[in-house]
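Engineer: Below is a structure I'd like to ask you about.
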Amino acid sequence: MPADNTQYQQVFSHLQAFPAGAEIFARCRFENCRFPGARLDKLTFEDCVFCGCDLSLARVQGTAFKEVLFEECKMQGLPLYSCARWLLAVRFKNCVMRFVSFANLPLKNTVFENCDLREASFSHTLLQKAVFSRCDLTRASFVRAHLEQADFTTSVGLVLD
């Protein structure tokens, strides 16, 4: 994940839409940006940080998140299950993630620190069951996470202490 002393190529603040024609964001920082319901399909974020952003109900079909930190973000209802699975590496800190779907994602070593994951789903739907594997939570860490009514029914590798 991006370190605190990372030099970002570009810092975006208070955006409500992504720059036209931009498809790849590398070593960028997004601060207090508002993207509720936005179409982020097929974008690539690599070594990026989203801080204080609202991504609720955004579309992320085929979107790549490679070494991305989400900190103090609102991500309610985000269909993360539809993002690109290859090289997926994310971390969540102090985020509101109610009703987010992580179905079938490889979330090995993913950290959820102080996140509100109420009613989040780590299970697949009947349609997804035939197509994808189960959500892999091997060595995933839920530190002070609120997991009330979160669905882990078909996930694998989950260990809660």
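Numbering starts fresh at 1 for the residues of each chain in the structure tokens, the chains themselves are lettered A, B, ... in the order given, and ligands are numbered from 1 as they appear.
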Can you pull out the residues contacting Leu158 in chain A? Cut-off 8 Å, using only C-alpha atoms, and skip same-chain residues under 4 positions away; I want them as a ChimeraX atom specification.
Structural biologist: /A:136-140
Engineer: Would you output that residue set with N, CA and C atoms, as a PDB file, in the first residue's frame?
Structural biologist:
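See result-v8.pdb below for the written result:
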ATOM      1  N   ASP A 136     -12.242 -15.112  -1.155  1.00  0.00           N
ATOM      2  CA  ASP A 136     -11.118 -15.650  -0.384  1.00  0.00           C
ATOM      3  C   ASP A 136     -10.637 -14.608   0.623  1.00  0.00           C
ATOM      4  N   LEU A 137     -10.850 -14.898   1.900  1.00  0.00           N
ATOM      5  CA  LEU A 137     -10.474 -13.983   2.978  1.00  0.00           C
ATOM      6  C   LEU A 137      -9.287 -14.514   3.788  1.00  0.00           C
ATOM      7  N   THR A 138      -8.457 -15.323   3.157  1.00  0.00           N
ATOM      8  CA  THR A 138      -7.283 -15.873   3.825  1.00  0.00           C
ATOM      9  C   THR A 138      -6.381 -14.728   4.304  1.00  0.00           C
ATOM     10  N   ARG A 139      -6.066 -14.731   5.582  1.00  0.00           N
ATOM     11  CA  ARG A 139      -5.228 -13.721   6.236  1.00  0.00           C
ATOM     12  C   ARG A 139      -5.805 -12.293   6.133  1.00  0.00           C
ATOM     13  N   ALA A 140      -7.086 -12.168   5.797  1.00  0.00           N
ATOM     14  CA  ALA A 140      -7.723 -10.846   5.836  1.00  0.00           C
ATOM     15  C   ALA A 140      -7.865 -10.447   7.297  1.00  0.00           C
TER      16      ALA A 140
END
Engineer: Mind checking which residues fall within 10 Å of Gln16 in chain A, counting only C-alpha atoms, ignoring those fewer than 6 positions away in the same chain, and posting them as a ChimeraX atom specification?
Structural biologist: /A:32-36,38,53-54
Engineer: Apply DSSP to the backbone of this structure and, from chain A, keep only the residues in strand (DSSP E); write these as a VMD selection string.
Structural biologist: chain A and resid 10 to 13 24 to 26 28 to 31 44 to 46 49 to 51 64 to 71 89 to 93 111 to 113 141 to 143
Engineer: Taking into account only C-alpha atoms, which residue in the set A:Leu117, A:Val143, A:Leu43, A:Cys95 is nearest to Cys83 in chain A?
Structural biologist: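 Between A:Leu117, A:Val143, A:Leu43, A:Cys95, the residue approaching Cys83 in chain A most closely is A:Leu43.
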Engineer: Would you work out the distance separating CA of Gln10 in chain A from CA of Cys48 in chain A, expressed in Å to one decimal?
Structural biologist: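 Here the two named atoms are 9.8 Å from each other.
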Engineer: So which bits of range 10-153 of chain A end up alpha helix (DSSP H) when you DSSP the backbone, as a PyMOL selection string?
Structural biologist: chain A and resi 126-131
Engineer: Please provide as a PyMOL selection string all residues within 9 Å of Val49 in chain A, with the sequence filter that same-chain residues fewer than 5 positions apart are discarded (counting only C-alpha atoms).
Structural biologist: chain A and resi 1-2+27-31+67-71
Engineer: Create the file for the chosen residues now, containing N, CA, C and O atoms and written as a compact mmCIF listing (two decimals), in the first residue's frame.
Structural biologist:
# COMPACT_ATOMS: atom_id res chain seq x y z
N MET A 1 0.83 -1.18 0.00
CA MET A 1 0.00 0.00 0.00
C MET A 1 0.88 1.24 0.00
O MET A 1 1.99 1.21 0.50
N PRO A 2 0.37 2.31 -0.53
CA PRO A 2 1.16 3.54 -0.54
C PRO A 2 1.58 3.93 0.88
O PRO A 2 0.77 3.90 1.80
N ARG A 27 -0.01 6.47 -8.68
CA ARG A 27 0.54 7.28 -7.59
C ARG A 27 -0.18 8.62 -7.45
O ARG A 27 0.45 9.66 -7.34
N CYS A 28 -1.51 8.55 -7.44
CA CYS A 28 -2.34 9.75 -7.27
C CYS A 28 -3.04 9.71 -5.92
O CYS A 28 -3.22 8.65 -5.33
N ARG A 29 -3.40 10.88 -5.46
CA ARG A 29 -4.14 11.02 -4.21
C ARG A 29 -5.42 11.77 -4.53
O ARG A 29 -5.38 12.82 -5.17
N PHE A 30 -6.54 11.21 -4.06
CA PHE A 30 -7.85 11.83 -4.26
C PHE A 30 -8.36 12.25 -2.89
O PHE A 30 -8.55 11.42 -2.01
N GLU A 31 -8.56 13.56 -2.70
CA GLU A 31 -8.98 14.09 -1.40
C GLU A 31 -10.35 14.74 -1.50
O GLU A 31 -10.56 15.63 -2.34
N GLU A 67 -2.92 -1.90 -5.25
CA GLU A 67 -2.26 -1.19 -4.14
C GLU A 67 -2.95 0.14 -3.86
O GLU A 67 -2.34 1.21 -3.97
N VAL A 68 -4.23 0.07 -3.52
CA VAL A 68 -5.03 1.28 -3.27
C VAL A 68 -5.49 1.30 -1.82
O VAL A 68 -5.99 0.31 -1.29
N LEU A 69 -5.33 2.46 -1.19
CA LEU A 69 -5.79 2.68 0.17
C LEU A 69 -7.02 3.58 0.12
O LEU A 69 -7.01 4.63 -0.52
N PHE A 70 -8.08 3.14 0.80
CA PHE A 70 -9.28 3.95 0.97
C PHE A 70 -9.32 4.34 2.45
O PHE A 70 -9.38 3.47 3.31
N GLU A 71 -9.26 5.63 2.73
CA GLU A 71 -9.23 6.10 4.11
C GLU A 71 -10.34 7.14 4.32
O GLU A 71 -10.45 8.10 3.57
Engineer: Can you pull out the residues contacting Gly21 in chain A? Cut-off 12 Å, using only C-alpha atoms, and skip same-chain residues under 2 positions away; I want them as a VMD selection string.
Structural biologist: chain A and resid 17 to 19 23 to 25 40 42 to 43
Engineer: List the spatial neighbours of Gly157 in chain A as an MDAnalysis selection string - criterion: any atom at most 12 Å away, only C-alpha atoms, same-chain residues fewer than 2 positions off excluded.
Structural biologist: chainID A and resid 106:110 122 134:141 152:155 159:160
Engineer: Mind writing the picked residues with N, CA, C and O atoms as an mmCIF file, in the first residue's frame?
Structural biologist:
data_model
loop_
_atom_site.group_PDB
_atom_site.id
_atom_site.type_symbol
_atom_site.label_atom_id
_atom_site.label_comp_id
_atom_site.auth_asym_id
_atom_site.auth_seq_id
_atom_site.Cartn_x
_atom_site.Cartn_y
_atom_site.Cartn_z
ATOM 1 N N PRO A 106 -10.771 -12.040 -4.580
ATOM 2 C CA PRO A 106 -9.610 -12.554 -3.866
ATOM 3 C C PRO A 106 -9.108 -11.484 -2.895
ATOM 4 O O PRO A 106 -8.384 -10.574 -3.286
ATOM 5 N N LEU A 107 -9.519 -11.576 -1.651
ATOM 6 C CA LEU A 107 -9.180 -10.547 -0.662
ATOM 7 C C LEU A 107 -8.134 -11.029 0.336
ATOM 8 O O LEU A 107 -8.113 -10.591 1.493
ATOM 9 N N LYS A 108 -7.241 -11.883 -0.117
ATOM 10 C CA LYS A 108 -6.166 -12.362 0.756
ATOM 11 C C LYS A 108 -5.382 -11.168 1.280
ATOM 12 O O LYS A 108 -5.076 -10.239 0.526
ATOM 13 N N ASN A 109 -5.082 -11.182 2.565
ATOM 14 C CA ASN A 109 -4.269 -10.152 3.229
ATOM 15 C C ASN A 109 -4.906 -8.759 3.252
ATOM 16 O O ASN A 109 -4.239 -7.785 3.579
ATOM 17 N N THR A 110 -6.161 -8.634 2.890
ATOM 18 C CA THR A 110 -6.816 -7.322 2.897
ATOM 19 C C THR A 110 -7.093 -6.892 4.333
ATOM 20 O O THR A 110 -7.532 -7.680 5.158
ATOM 21 N N PHE A 122 -19.969 -10.834 1.529
ATOM 22 C CA PHE A 122 -18.762 -11.507 1.078
ATOM 23 C C PHE A 122 -19.144 -12.842 0.446
ATOM 24 O O PHE A 122 -18.328 -13.731 0.294
ATOM 25 N N ARG A 134 -15.270 -18.619 -4.730
ATOM 26 C CA ARG A 134 -15.741 -17.974 -3.507
ATOM 27 C C ARG A 134 -14.829 -16.821 -3.102
ATOM 28 O O ARG A 134 -13.677 -16.759 -3.496
ATOM 29 N N CYS A 135 -15.348 -15.930 -2.283
ATOM 30 C CA CYS A 135 -14.571 -14.812 -1.761
ATOM 31 C C CYS A 135 -13.488 -15.375 -0.837
ATOM 32 O O CYS A 135 -13.795 -16.045 0.148
ATOM 33 N N ASP A 136 -12.242 -15.112 -1.155
ATOM 34 C CA ASP A 136 -11.118 -15.650 -0.384
ATOM 35 C C ASP A 136 -10.637 -14.608 0.623
ATOM 36 O O ASP A 136 -10.097 -13.574 0.252
ATOM 37 N N LEU A 137 -10.850 -14.898 1.900
ATOM 38 C CA LEU A 137 -10.474 -13.983 2.978
ATOM 39 C C LEU A 137 -9.287 -14.514 3.788
ATOM 40 O O LEU A 137 -9.116 -14.156 4.953
ATOM 41 N N THR A 138 -8.457 -15.323 3.157
ATOM 42 C CA THR A 138 -7.283 -15.873 3.825
ATOM 43 C C THR A 138 -6.381 -14.728 4.304
ATOM 44 O O THR A 138 -6.019 -13.850 3.535
ATOM 45 N N ARG A 139 -6.066 -14.731 5.582
ATOM 46 C CA ARG A 139 -5.228 -13.721 6.236
ATOM 47 C C ARG A 139 -5.805 -12.293 6.133
ATOM 48 O O ARG A 139 -5.074 -11.317 6.325
ATOM 49 N N ALA A 140 -7.086 -12.168 5.797
ATOM 50 C CA ALA A 140 -7.723 -10.846 5.836
ATOM 51 C C ALA A 140 -7.865 -10.447 7.297
ATOM 52 O O ALA A 140 -8.008 -11.296 8.182
ATOM 53 N N SER A 141 -7.817 -9.160 7.551
ATOM 54 C CA SER A 141 -7.843 -8.664 8.917
ATOM 55 C C SER A 141 -8.988 -7.674 9.095
ATOM 56 O O SER A 141 -9.098 -6.695 8.355
ATOM 57 N N PHE A 152 -21.034 -13.805 5.334
ATOM 58 C CA PHE A 152 -19.817 -14.531 4.996
ATOM 59 C C PHE A 152 -20.151 -15.977 4.600
ATOM 60 O O PHE A 152 -19.274 -16.828 4.577
ATOM 61 N N THR A 153 -21.404 -16.257 4.292
ATOM 62 C CA THR A 153 -21.903 -17.605 4.085
ATOM 63 C C THR A 153 -21.033 -18.458 3.175
ATOM 64 O O THR A 153 -20.702 -19.585 3.514
ATOM 65 N N THR A 154 -20.651 -17.988 2.023
ATOM 66 C CA THR A 154 -19.884 -18.814 1.073
ATOM 67 C C THR A 154 -18.420 -18.406 0.973
ATOM 68 O O THR A 154 -17.701 -18.933 0.125
ATOM 69 N N SER A 155 -17.972 -17.498 1.806
ATOM 70 C CA SER A 155 -16.558 -17.083 1.745
ATOM 71 C C SER A 155 -15.673 -18.188 2.338
ATOM 72 O O SER A 155 -16.140 -19.044 3.089
ATOM 73 N N VAL A 159 -11.122 -16.098 9.320
ATOM 74 C CA VAL A 159 -10.832 -16.377 10.720
ATOM 75 C C VAL A 159 -11.126 -15.105 11.496
ATOM 76 O O VAL A 159 -10.544 -14.059 11.200
ATOM 77 N N LEU A 160 -12.051 -15.192 12.457
ATOM 78 C CA LEU A 160 -12.379 -14.038 13.299
ATOM 79 C C LEU A 160 -12.023 -14.387 14.723
ATOM 80 O O LEU A 160 -12.302 -15.489 15.206
#
Engineer: Given the choices A:Cys73, A:Ala20, A:Met97, A:Val111, which gets closest to Ala150 in chain A if the distance is worked out from only C-alpha atoms?
Structural biologist: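 Checking each of A:Cys73, A:Ala20, A:Met97, A:Val111 against Ala150 in chain A, counting only C-alpha atoms, the winner is A:Met97.
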Engineer: Would you mind telling me which residue in A:Leu57, A:Ala145, A:Leu105, A:Ala26 lies nearest to Ala89 in chain A when using only C-alpha atoms?
Structural biologist: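 Of all the options, A:Leu105 lies closest to Ala89 in chain A.
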Engineer: Would you kindly return, as a PyMOL selection string, each protein, DNA or RNA residue with an atom no farther than 6 Å from any atom of range 100-103 of chain A, considering only C-alpha atoms and excluding same-chain residues fewer than 3 positions away?
Structural biologist: chain A and resi 76-81+97+120-124+135
